[in-house]
Amino acid sequence: MAKLIDERHAAWEADLPLGDDAALWDYLSVLDQGSRLALLAHCLSFGINALHEKVNPYGTGISASGLTRRMAHADLVARAVDLDMLEAGWEPTVDGYLNRVPKARILEAVREAKGEGTAQLLDHLKKGEMASEAERLLKGSGWLPEVLRRVDLAARDGAAIAEGQGEDAGEPDDIDLPAFLTADLPDSAASMMAAE
């Protein structure tokens with residue numbers, strides 16, 4: 001990704017008449033709308049930071065209020081461009097997310113998406129096995145890490161579920177057992193275990 005950004009930057013730098021303000025304004029004024037917006041997006045990308053960092057209690061690095069402000073600005077930008085990470089196709093995979101977070105965070109993700117019972121089925125696994133099972137369990141669930149959730153979409157989805165418009169409020173969720181529990185069972189036995 002960084003290489004692509006550097007290449008894009010070099011291309012714009014080669015095209016722009018830098019050092020001559022009048023020539024630069026003339027160049028910008030004849031750009032088509034798409035090119036102007038592409039240049040604007042490129043320039044703005046250097047000023048937006050949505051990186052969620054650990055707050056350092058000893059005063060070096062980002063402060064808690066700085067992180068809160070940064071994430072609020074990132075959410076505003078996401079709303080302005082109508083960014084929805086689910087619609088963009090993001091899913092928690094082993095390589096892209098689950099192997100990069102601690103086991104406690106993997107369990108928290110499964111708990112949020114599938115419930116406490118399912119999370120407890122994974123808590124004894126080694127991290128690699130846990131990440132693989134979590135990827136399978138979270139696939140298609142719509143779960144996002146908190147830093148990727150837009151505040152307005154999360155509030156809307158929470159309200160829909162509370163009103164019974166989302167998932168069936170009165171129906172118990174089907175338990176999706178981890179593969180290691182159902183690997184040697186015929187399909188009918190696995191579904192009977194899930195029903196219990």
# chains A, B, ... in the order shown; residues from 1 in each chain; ligands from 1

$ residues_around --residues "region 131-135 of chain A" --least-positions-apart "3" --cutoff "10 Å" --atoms "only C-alpha atoms" --output "VMD selection string"
chain A and resid 91 to 95 97 to 103 106 to 107 109 to 110 114 118 to 119 122 125 to 128 138 to 140 177 to 180

$ residues_around --residues "Arg150 (chain A)" --least-positions-apart "4" --cutoff "12 Å" --atoms "only C-alpha atoms" --output "PyMOL selection string"
chain A and resi 71-86+144-146+154-157

$ select_by_dssp --residues "region 43-126 of chain A" --states "helix (DSSP H, G or I)" --output "ChimeraX atom specification"
/A:43-45,64-80,98-100,103-114,116-122

$ closest_residue --among "A:Glu129, A:Leu4, A:Ser141, A:Leu67" --to "Ala113 (chain A)" --atoms "only C-alpha atoms"
A:Ser141

$ residues_around --residues "region 30-44 of chain A" --least-positions-apart "3" --cutoff "12 Å" --atoms "only C-alpha atoms" --output "count of residues only"
22

$ residues_around --residues "Thr68 (chain A)" --least-positions-apart "4" --cutoff "12 Å" --atoms "only C-alpha atoms" --output "list in words"
Ala50, Leu51, His52, Glu53, Lys54, Val55, Ile62, Ser63, Ala64, Ala72, His73, Ala74, Asp75 and Val147 of chain A

$ write_last_selection --atoms "N, CA and C atoms" --output "compact mmCIF listing (two decimals), in the first residue's frame"
# COMPACT_ATOMS: atom_id res chain seq x y z
N ALA A 50 -6.50 7.61 11.09
CA ALA A 50 -7.52 6.85 11.81
C ALA A 50 -6.90 5.66 12.52
N LEU A 51 -5.59 5.74 12.77
CA LEU A 51 -4.89 4.66 13.45
C LEU A 51 -5.25 4.63 14.92
N HIS A 52 -5.70 3.48 15.39
CA HIS A 52 -6.04 3.32 16.80
C HIS A 52 -4.80 2.83 17.52
N GLU A 53 -4.21 3.69 18.33
CA GLU A 53 -2.99 3.35 19.06
C GLU A 53 -3.30 3.15 20.54
N LYS A 54 -2.45 2.40 21.17
CA LYS A 54 -2.57 2.22 22.61
C LYS A 54 -2.14 3.51 23.30
N VAL A 55 -2.95 3.97 24.24
CA VAL A 55 -2.64 5.18 24.99
C VAL A 55 -1.51 4.88 25.97
N ILE A 62 0.34 9.17 22.15
CA ILE A 62 -0.96 9.82 22.11
C ILE A 62 -1.66 9.74 23.47
N SER A 63 -2.37 10.80 23.80
CA SER A 63 -3.14 10.83 25.04
C SER A 63 -4.53 10.24 24.80
N ALA A 64 -5.24 9.95 25.87
CA ALA A 64 -6.60 9.41 25.74
C ALA A 64 -7.51 10.41 25.02
N ALA A 72 -12.93 10.33 16.55
CA ALA A 72 -14.14 11.09 16.21
C ALA A 72 -14.00 11.73 14.83
N HIS A 73 -12.81 12.26 14.53
CA HIS A 73 -12.58 12.85 13.22
C HIS A 73 -12.63 11.78 12.14
N ALA A 74 -12.05 10.62 12.41
CA ALA A 74 -12.08 9.52 11.45
C ALA A 74 -13.53 9.10 11.17
N ASP A 75 -14.35 9.07 12.22
CA ASP A 75 -15.75 8.71 12.03
C ASP A 75 -16.48 9.75 11.18
N VAL A 147 -13.04 -0.21 16.12
CA VAL A 147 -12.42 0.89 15.39
C VAL A 147 -12.90 0.99 13.95

$ closest_residue --among "A:His124, A:Glu87, A:Trp143, A:Arg149" --to "Glu112 (chain A)" --atoms "only C-alpha atoms"
A:Trp143
